[in-house]
$ cat coords.cif   # mmCIF, C-alpha atoms
data_work
#
loop_
_atom_site.label_atom_id
_atom_site.label_comp_id
_atom_site.auth_asym_id
_atom_site.auth_seq_id
_atom_site.Cartn_x
_atom_site.Cartn_y
_atom_site.Cartn_z
CA MET A 1 -197.01 -115.62 143.63
CA LEU A 2 -194.66 -114.77 140.74
CA PRO A 3 -193.06 -116.89 138.00
CA ASP A 4 -189.55 -118.11 138.77
CA ARG A 5 -187.96 -116.12 135.95
CA LEU A 6 -189.63 -112.94 137.12
CA GLU A 7 -188.43 -113.59 140.66
CA ARG A 8 -184.93 -114.07 139.27
CA LEU A 9 -185.11 -110.76 137.39
CA ILE A 10 -186.24 -108.98 140.57
CA GLU A 11 -183.34 -110.54 142.46
CA LEU A 12 -180.83 -109.37 139.84
CA LEU A 13 -182.26 -105.86 139.66
CA SER A 14 -182.19 -105.52 143.45
CA ARG A 15 -178.39 -105.94 143.35
CA LEU A 16 -178.02 -102.62 141.52
CA PRO A 17 -176.72 -99.75 143.67
CA GLY A 18 -179.56 -97.85 145.30
CA VAL A 19 -182.23 -100.31 144.12
CA GLY A 20 -184.19 -102.12 146.80
CA GLU A 21 -186.56 -105.04 146.40
CA LYS A 22 -189.66 -102.87 145.91
CA THR A 23 -187.99 -100.73 143.25
CA ALA A 24 -186.66 -103.84 141.53
CA GLN A 25 -190.17 -105.28 141.50
CA ARG A 26 -191.55 -102.10 139.90
CA PHE A 27 -188.87 -102.24 137.21
CA ALA A 28 -189.56 -105.90 136.50
CA MET A 29 -193.32 -105.33 136.25
CA PHE A 30 -192.70 -102.46 133.86
CA PHE A 31 -190.66 -104.70 131.59
CA VAL A 32 -193.28 -107.45 131.63
CA THR A 33 -196.54 -105.53 131.46
CA GLU A 34 -195.90 -102.24 129.72
CA SER A 35 -192.72 -102.08 127.63
CA GLN A 36 -191.56 -105.41 126.24
CA GLU A 37 -189.84 -103.63 123.32
CA TYR A 38 -187.81 -101.58 125.80
CA ALA A 39 -187.00 -104.77 127.71
CA ARG A 40 -185.69 -106.37 124.50
CA GLU A 41 -183.53 -103.34 123.70
CA LEU A 42 -182.19 -103.25 127.26
CA GLY A 43 -181.38 -106.95 127.16
CA LEU A 44 -179.54 -106.55 123.85
CA ALA A 45 -177.58 -103.56 125.15
CA LEU A 46 -176.52 -105.50 128.25
CA GLN A 47 -175.56 -108.49 126.13
CA GLU A 48 -173.36 -106.38 123.86
CA LEU A 49 -171.84 -104.43 126.72
CA GLY A 50 -169.29 -107.04 127.75
CA ALA A 51 -167.88 -107.34 124.23
CA THR A 52 -167.79 -103.66 123.30
CA VAL A 53 -167.03 -101.80 126.54
CA LYS A 54 -164.16 -102.70 128.87
CA ARG A 55 -161.78 -101.09 131.30
CA CYS A 56 -159.11 -98.97 129.64
CA GLN A 57 -156.01 -101.14 129.46
CA ARG A 58 -153.85 -98.18 130.35
CA CYS A 59 -155.61 -96.21 133.08
CA GLY A 60 -158.62 -98.27 134.20
CA ASN A 61 -161.27 -95.87 132.88
CA ILE A 62 -164.23 -97.12 130.82
CA ALA A 63 -163.32 -97.56 127.15
CA GLN A 64 -164.84 -98.61 123.85
CA VAL A 65 -163.11 -101.63 122.31
CA GLY A 66 -161.60 -100.59 118.97
CA GLU A 67 -161.44 -102.55 115.74
CA ASP A 68 -157.93 -103.63 116.68
CA GLY A 69 -159.25 -105.18 119.89
CA ARG A 70 -157.57 -102.58 122.11
CA ALA A 71 -159.50 -100.76 124.81
CA LEU A 72 -158.25 -97.21 125.30
CA CYS A 73 -160.42 -94.45 126.77
CA PRO A 74 -160.90 -90.99 125.20
CA VAL A 75 -158.65 -89.38 127.82
CA CYS A 76 -155.71 -91.65 127.03
CA LEU A 77 -156.26 -91.18 123.30
CA ASP A 78 -156.41 -87.38 123.53
CA PRO A 79 -153.02 -85.96 122.38
CA ARG A 80 -153.85 -82.61 123.98
CA ARG A 81 -153.61 -84.11 127.47
CA ASP A 82 -150.52 -83.44 129.54
CA GLY A 83 -149.02 -86.88 130.09
CA LYS A 84 -146.65 -85.53 132.71
CA LEU A 85 -149.56 -84.74 135.04
CA LEU A 86 -151.30 -87.80 136.52
CA CYS A 87 -154.39 -87.76 138.72
CA ILE A 88 -155.00 -90.90 140.79
CA VAL A 89 -158.62 -91.66 141.67
CA ALA A 90 -160.35 -94.56 143.38
CA ARG A 91 -163.27 -95.09 140.97
CA VAL A 92 -164.35 -94.25 137.46
CA GLN A 93 -167.17 -92.18 138.98
CA ASP A 94 -164.53 -89.97 140.63
CA LEU A 95 -162.79 -89.51 137.29
CA LEU A 96 -166.06 -88.45 135.65
CA ALA A 97 -166.76 -85.98 138.45
CA ILE A 98 -163.35 -84.34 138.03
CA GLU A 99 -163.80 -84.22 134.26
CA LYS A 100 -167.08 -82.33 134.70
CA SER A 101 -165.18 -79.65 136.59
CA ALA A 102 -163.00 -79.07 133.49
CA SER A 103 -160.06 -78.44 135.85
CA MET A 104 -157.86 -81.42 134.98
CA ARG A 105 -155.60 -81.11 131.93
CA GLY A 106 -153.59 -84.26 132.57
CA ARG A 107 -154.39 -87.97 132.56
CA TYR A 108 -155.76 -90.38 135.13
CA PHE A 109 -155.11 -93.67 136.85
CA VAL A 110 -158.05 -95.52 138.40
CA LEU A 111 -157.14 -97.70 141.38
CA GLY A 112 -160.44 -99.58 141.38
CA ARG A 113 -160.33 -99.96 145.16
CA LEU A 114 -158.98 -98.36 148.31
CA LEU A 115 -156.69 -99.67 151.00
CA SER A 116 -158.99 -101.26 153.59
CA PRO A 117 -157.51 -103.79 156.04
CA LEU A 118 -160.96 -104.51 157.52
CA ASP A 119 -162.15 -105.63 154.08
CA GLY A 120 -158.99 -107.58 153.37
CA VAL A 121 -157.62 -105.04 150.87
CA GLY A 122 -153.93 -104.53 151.50
CA PRO A 123 -151.17 -102.90 149.45
CA ASP A 124 -150.74 -106.06 147.38
CA GLU A 125 -154.33 -105.72 146.12
CA LEU A 126 -153.68 -102.24 144.69
CA PRO A 127 -152.39 -101.98 141.08
CA LEU A 128 -149.15 -100.31 142.13
CA GLU A 129 -146.97 -101.99 139.50
CA ASP A 130 -149.24 -100.69 136.71
CA LEU A 131 -149.08 -97.24 138.28
CA PHE A 132 -145.28 -97.28 138.45
CA ARG A 133 -145.10 -98.42 134.82
CA ILE A 134 -147.24 -95.49 133.62
CA VAL A 135 -145.24 -93.04 135.73
CA ALA A 136 -142.05 -94.28 134.10
CA GLU A 137 -143.37 -94.55 130.52
CA ASP A 138 -144.89 -91.05 130.51
CA ALA A 139 -142.05 -89.45 132.51
CA VAL A 140 -144.69 -88.10 134.92
CA LYS A 141 -143.61 -84.99 136.83
CA GLU A 142 -146.61 -84.43 139.12
CA VAL A 143 -149.07 -86.85 140.71
CA ILE A 144 -152.32 -85.62 142.20
CA LEU A 145 -153.79 -87.92 144.84
CA ALA A 146 -157.57 -87.54 144.44
CA THR A 147 -158.76 -90.35 146.69
CA PRO A 148 -161.83 -89.48 148.83
CA PRO A 149 -161.38 -87.77 152.22
CA SER A 150 -162.43 -90.90 154.13
CA VAL A 151 -160.42 -93.15 156.45
CA ASP A 152 -159.68 -95.59 153.61
CA GLY A 153 -159.05 -92.75 151.15
CA GLU A 154 -156.58 -91.05 153.47
CA ALA A 155 -154.79 -94.34 154.18
CA THR A 156 -154.51 -95.01 150.45
CA ALA A 157 -153.18 -91.49 149.80
CA LEU A 158 -150.52 -91.91 152.50
CA LEU A 159 -149.48 -95.26 151.05
CA LEU A 160 -149.22 -93.85 147.53
CA ALA A 161 -147.26 -90.82 148.72
CA ARG A 162 -144.81 -93.12 150.48
CA GLU A 163 -144.45 -95.45 147.49
CA LEU A 164 -143.92 -92.55 145.08
CA ALA A 165 -141.38 -90.82 147.29
CA GLY A 166 -137.89 -90.76 145.86
CA LYS A 167 -139.04 -91.00 142.24
CA GLY A 168 -138.40 -87.33 141.51
CA LEU A 169 -142.11 -86.48 141.47
CA GLN A 170 -144.15 -83.67 142.89
CA VAL A 171 -146.93 -85.41 144.85
CA SER A 172 -149.93 -83.33 145.86
CA ARG A 173 -153.23 -84.07 147.60
CA ILE A 174 -156.55 -82.53 146.61
CA ALA A 175 -157.88 -80.00 149.09
CA SER A 176 -161.15 -80.58 150.86
CA GLY A 177 -163.32 -78.08 152.65
CA VAL A 178 -166.81 -76.68 153.05
CA PRO A 179 -168.98 -77.29 149.97
CA HIS A 180 -170.17 -74.23 148.08
CA GLY A 181 -173.49 -73.15 149.59
CA GLY A 182 -172.95 -75.26 152.71
CA ASP A 183 -173.42 -74.12 156.31
CA LEU A 184 -170.47 -74.29 158.68
CA GLU A 185 -172.56 -75.62 161.56
CA PHE A 186 -173.27 -78.82 159.63
CA ALA A 187 -169.68 -79.47 158.55
CA ASP A 188 -167.67 -82.12 160.40
CA GLN A 189 -164.42 -81.35 162.22
CA ILE A 190 -162.17 -82.90 159.58
CA THR A 191 -163.82 -80.90 156.79
CA LEU A 192 -163.53 -77.65 158.73
CA GLY A 193 -159.90 -78.40 159.61
CA ARG A 194 -159.08 -79.00 155.96
CA ALA A 195 -160.87 -75.81 154.99
CA ILE A 196 -158.74 -73.80 157.44
CA ASP A 197 -155.49 -75.51 156.42
CA GLY A 198 -156.21 -74.97 152.74
CA ARG A 199 -157.27 -71.34 153.09
CA ARG A 200 -156.25 -68.78 150.47
CA SER A 201 -155.82 -65.06 150.75
CA MET A 202 -158.27 -62.84 148.89
CA ASP A 203 -155.66 -62.07 146.22
CA GLY A 204 -155.74 -65.74 145.19
CA LYS A 205 -152.55 -66.81 146.97
CA ARG A 206 -152.49 -69.57 149.57
CA SER A 207 -151.97 -68.38 153.13
#

$ encode --input "coords.cif" --output "structure tokens"
Amino acid sequence: MLPDRLERLIELLSRLPGVGEKTAQRFAMFFVTESQEYARELGLALQELGATVKRCQRCGNIAQVGEDGRALCPVCLDPRRDGKLLCIVARVQDLLAIEKSASMRGRYFVLGRLLSPLDGVGPDELPLEDLFRIVAEDAVKEVILATPPSVDGEATALLLARELAGKGLQVSRIASGVPHGGDLEFADQITLGRAIDGRRSMDGKRS
């Protein structure tokens, strides 16, 4: 029913996160029937993306490639950041979420994946050597483990804590608890347990 190239576009669009076949078909029809100029601009932007935007060569964040060919993200280039405080996250999306909170004054390291034996991701697949190099080069004093509170996230945090032990670092784990505005009856047992363990007194001190 559809031209081969249009079918191919629908197939590619359907691989995007959260985009099913019907949504991909709507997007493709929009490009073809209503906004060819937008389609051209989008195609050009995607074509240029690989040459101008890469992973930060230091921390794994998204970075603009400079005139010197180096790819360093704004966080790594910011001299106001505390290089002795390092926050380890699983994905760039997690980094962006923490940045929006305006609560992190240090720098980041993006793992890119989590420890997951079922998916064939073992310790050797994690960029531990790059992490150790940054810890040594920046004389890091504190590492915050900000992996998600999932089975894989907890396993990764335990592995990192073990690997970083004995390096003279303060290693901490982000707290997790009931979301603001959430109802206790809908919270799972792990979330409630973390909320109790991480409780603080009303004067701001931890119990």

$ resolve_selection --input "coords.cif" --expression "the PyMOL selection byres ((chain A and resi 159) around 12)" --output "PyMOL selection string"
chain A and resi 114-116+122-124+126+128+145+147+152-158+160-165+171

$ closest_residue --input "coords.cif" --among "A:Ala39, A:Gly83, A:Ala71, A:Gln170" --to "A:Val53" --atoms "all atoms listed in the file"
A:Ala71

$ closest_residue --input "coords.cif" --among "A:Gly106, A:Gly60, A:Pro117, A:Gly69" --to "A:Val92" --atoms "all atoms listed in the file"
A:Gly60

$ atom_distance --input "coords.cif" --atom1 "atom CA of A:Leu111" --atom2 "atom CA of A:Ile88"
7.2 Å

$ residues_around --input "coords.cif" --residues "A:Gly168" --least-positions-apart "5" --cutoff "10 Å" --atoms "all atoms listed in the file" --output "PyMOL selection string"
chain A and resi 139-142

$ closest_residue --input "coords.cif" --among "A:Val65, A:Ala45, A:Val19, A:Ala175" --to "A:Pro149" --atoms "all atoms listed in the file"
A:Ala175

$ closest_residue --input "coords.cif" --among "A:Glu185, A:Glu41, A:Thr52, A:Ile10" --to "A:Lys22" --atoms "all atoms listed in the file"
A:Ile10

$ residues_near_point --input "coords.cif" --point "(-166.5, -83.7, 156.2)" --cutoff "8 Å" --atoms "all atoms listed in the file" --output "VMD selection string"
chain A and resid 149 177 to 178 187 to 192

$ closest_residue --input "coords.cif" --among "A:Cys87, A:Thr23, A:Asp119, A:Pro79" --to "A:Ser103" --atoms "only C-alpha atoms"
A:Cys87

$ atom_distance --input "coords.cif" --atom1 "atom CA of A:Leu169" --atom2 "atom CA of A:Val143"
7.0 Å

$ closest_atom_pairs --input "coords.cif" --of "stretch 15-80 of chain A" --to "stretch 95-100 of chain A" --cutoff "12 Å" --atoms "only C-alpha atoms" --output "tab-separated table"
residue	atom	partner	partner_atom	distance
A:Cys59	CA	A:Leu95	CA	10.7
A:Gly60	CA	A:Leu95	CA	10.2
A:Asn61	CA	A:Leu95	CA	7.9
A:Ile62	CA	A:Leu95	CA	10.1
A:Cys73	CA	A:Leu95	CA	11.9
A:Pro74	CA	A:Glu99	CA	11.7
A:Val75	CA	A:Glu99	CA	9.7

$ atom_distance --input "coords.cif" --atom1 "atom CA of A:Gln64" --atom2 "atom CA of A:Gln47"
14.8 Å

$ closest_residue --input "coords.cif" --among "A:Val151, A:Leu2, A:Ala63, A:Cys56" --to "A:Val110" --atoms "only C-alpha atoms"
A:Cys56

$ residues_around --input "coords.cif" --residues "stretch 11-17 of chain A" --least-positions-apart "6" --cutoff "8 Å" --atoms "all atoms listed in the file" --output "PyMOL selection string"
chain A and resi 23-24+27-28

$ decode --input "coords.cif" --residues "stretch 7-47 of chain A" --atoms "N, CA and C atoms" --output "mmCIF file, in the first residue's frame"
data_model
loop_
_atom_site.group_PDB
_atom_site.id
_atom_site.type_symbol
_atom_site.label_atom_id
_atom_site.label_comp_id
_atom_site.auth_asym_id
_atom_site.auth_seq_id
_atom_site.Cartn_x
_atom_site.Cartn_y
_atom_site.Cartn_z
ATOM 1 N N GLU A 7 7.781 3.188 3.776
ATOM 2 C CA GLU A 7 7.742 2.068 4.719
ATOM 3 C C GLU A 7 9.031 2.032 5.541
ATOM 4 N N ARG A 8 10.153 2.313 4.887
ATOM 5 C CA ARG A 8 11.437 2.328 5.586
ATOM 6 C C ARG A 8 11.488 3.445 6.619
ATOM 7 N N LEU A 9 10.959 4.620 6.272
ATOM 8 C CA LEU A 9 10.915 5.733 7.217
ATOM 9 C C LEU A 9 10.054 5.378 8.419
ATOM 10 N N ILE A 10 8.907 4.750 8.174
ATOM 11 C CA ILE A 10 8.030 4.347 9.278
ATOM 12 C C ILE A 10 8.740 3.349 10.187
ATOM 13 N N GLU A 11 9.472 2.429 9.585
ATOM 14 C CA GLU A 11 10.213 1.442 10.373
ATOM 15 C C GLU A 11 11.262 2.122 11.252
ATOM 16 N N LEU A 12 11.985 3.084 10.690
ATOM 17 C CA LEU A 12 13.013 3.782 11.464
ATOM 18 C C LEU A 12 12.406 4.616 12.580
ATOM 19 N N LEU A 13 11.316 5.316 12.284
ATOM 20 C CA LEU A 13 10.676 6.139 13.306
ATOM 21 C C LEU A 13 10.104 5.298 14.437
ATOM 22 N N SER A 14 9.643 4.107 14.120
ATOM 23 C CA SER A 14 9.040 3.244 15.146
ATOM 24 C C SER A 14 10.075 2.713 16.132
ATOM 25 N N ARG A 15 11.366 2.854 15.808
ATOM 26 C CA ARG A 15 12.415 2.436 16.745
ATOM 27 C C ARG A 15 12.671 3.468 17.840
ATOM 28 N N LEU A 16 12.138 4.672 17.669
ATOM 29 C CA LEU A 16 12.337 5.707 18.683
ATOM 30 C C LEU A 16 11.615 5.322 19.969
ATOM 31 N N PRO A 17 12.187 5.674 21.119
ATOM 32 C CA PRO A 17 11.543 5.347 22.395
ATOM 33 C C PRO A 17 10.139 5.941 22.487
ATOM 34 N N GLY A 18 9.187 5.115 22.849
ATOM 35 C CA GLY A 18 7.816 5.583 23.037
ATOM 36 C C GLY A 18 7.032 5.786 21.766
ATOM 37 N N VAL A 19 7.602 5.440 20.617
ATOM 38 C CA VAL A 19 6.921 5.622 19.334
ATOM 39 C C VAL A 19 6.548 4.257 18.775
ATOM 40 N N GLY A 20 5.246 4.015 18.656
ATOM 41 C CA GLY A 20 4.776 2.775 18.063
ATOM 42 C C GLY A 20 4.597 2.915 16.566
ATOM 43 N N GLU A 21 4.105 1.865 15.932
ATOM 44 C CA GLU A 21 3.967 1.872 14.478
ATOM 45 C C GLU A 21 2.954 2.911 14.008
ATOM 46 N N LYS A 22 1.842 3.052 14.728
ATOM 47 C CA LYS A 22 0.817 4.021 14.313
ATOM 48 C C LYS A 22 1.329 5.452 14.431
ATOM 49 N N THR A 23 2.019 5.745 15.524
ATOM 50 C CA THR A 23 2.583 7.082 15.696
ATOM 51 C C THR A 23 3.639 7.358 14.645
ATOM 52 N N ALA A 24 4.473 6.363 14.365
ATOM 53 C CA ALA A 24 5.494 6.510 13.333
ATOM 54 C C ALA A 24 4.859 6.777 11.975
ATOM 55 N N GLN A 25 3.747 6.122 11.697
ATOM 56 C CA GLN A 25 3.059 6.336 10.424
ATOM 57 C C GLN A 25 2.504 7.746 10.330
ATOM 58 N N ARG A 26 1.975 8.272 11.447
ATOM 59 C CA ARG A 26 1.466 9.650 11.457
ATOM 60 C C ARG A 26 2.591 10.640 11.203
ATOM 61 N N PHE A 27 3.737 10.413 11.850
ATOM 62 C CA PHE A 27 4.890 11.285 11.626
ATOM 63 C C PHE A 27 5.312 11.267 10.161
ATOM 64 N N ALA A 28 5.423 10.074 9.608
ATOM 65 C CA ALA A 28 5.874 9.940 8.226
ATOM 66 C C ALA A 28 4.903 10.628 7.258
ATOM 67 N N MET A 29 3.620 10.468 7.477
ATOM 68 C CA MET A 29 2.620 11.111 6.621
ATOM 69 C C MET A 29 2.688 12.628 6.742
ATOM 70 N N PHE A 30 2.993 13.114 7.927
ATOM 71 C CA PHE A 30 3.144 14.550 8.119
ATOM 72 C C PHE A 30 4.302 15.081 7.293
ATOM 73 N N PHE A 31 5.421 14.363 7.333
ATOM 74 C CA PHE A 31 6.581 14.781 6.550
ATOM 75 C C PHE A 31 6.282 14.806 5.058
ATOM 76 N N VAL A 32 5.545 13.823 4.580
ATOM 77 C CA VAL A 32 5.314 13.661 3.144
ATOM 78 C C VAL A 32 4.233 14.585 2.612
ATOM 79 N N THR A 33 3.153 14.743 3.387
ATOM 80 C CA THR A 33 1.977 15.433 2.847
ATOM 81 C C THR A 33 1.820 16.878 3.289
ATOM 82 N N GLU A 34 2.426 17.255 4.420
ATOM 83 C CA GLU A 34 2.113 18.578 4.942
ATOM 84 C C GLU A 34 3.314 19.486 5.164
ATOM 85 N N SER A 35 4.479 18.941 5.462
ATOM 86 C CA SER A 35 5.598 19.811 5.836
ATOM 87 C C SER A 35 6.915 19.274 5.272
ATOM 88 N N GLN A 36 7.070 19.368 3.960
ATOM 89 C CA GLN A 36 8.306 18.881 3.357
ATOM 90 C C GLN A 36 9.496 19.765 3.738
ATOM 91 N N GLU A 37 9.264 21.058 3.961
ATOM 92 C CA GLU A 37 10.351 21.938 4.384
ATOM 93 C C GLU A 37 10.861 21.532 5.765
ATOM 94 N N TYR A 38 9.923 21.201 6.654
ATOM 95 C CA TYR A 38 10.309 20.727 7.986
ATOM 96 C C TYR A 38 11.076 19.414 7.872
ATOM 97 N N ALA A 39 10.624 18.536 6.977
ATOM 98 C CA ALA A 39 11.307 17.256 6.783
ATOM 99 C C ALA A 39 12.731 17.476 6.302
ATOM 100 N N ARG A 40 12.941 18.442 5.418
ATOM 101 C CA ARG A 40 14.290 18.734 4.934
ATOM 102 C C ARG A 40 15.176 19.259 6.064
ATOM 103 N N GLU A 41 14.619 20.162 6.884
ATOM 104 C CA GLU A 41 15.388 20.711 8.002
ATOM 105 C C GLU A 41 15.734 19.621 9.019
ATOM 106 N N LEU A 42 14.767 18.738 9.274
ATOM 107 C CA LEU A 42 15.004 17.645 10.217
ATOM 108 C C LEU A 42 16.080 16.705 9.686
ATOM 109 N N GLY A 43 16.004 16.391 8.405
ATOM 110 C CA GLY A 43 17.008 15.515 7.809
ATOM 111 C C GLY A 43 18.399 16.113 7.876
ATOM 112 N N LEU A 44 18.501 17.429 7.634
ATOM 113 C CA LEU A 44 19.798 18.106 7.699
ATOM 114 C C LEU A 44 20.340 18.109 9.117
ATOM 115 N N ALA A 45 19.441 18.368 10.088
ATOM 116 C CA ALA A 45 19.866 18.385 11.493
ATOM 117 C C ALA A 45 20.380 17.015 11.928
ATOM 118 N N LEU A 46 19.700 15.952 11.489
ATOM 119 C CA LEU A 46 20.136 14.603 11.838
ATOM 120 C C LEU A 46 21.458 14.268 11.166
ATOM 121 N N GLN A 47 21.629 14.744 9.941
ATOM 122 C CA GLN A 47 22.862 14.482 9.211
ATOM 123 C C GLN A 47 24.053 15.163 9.877
#
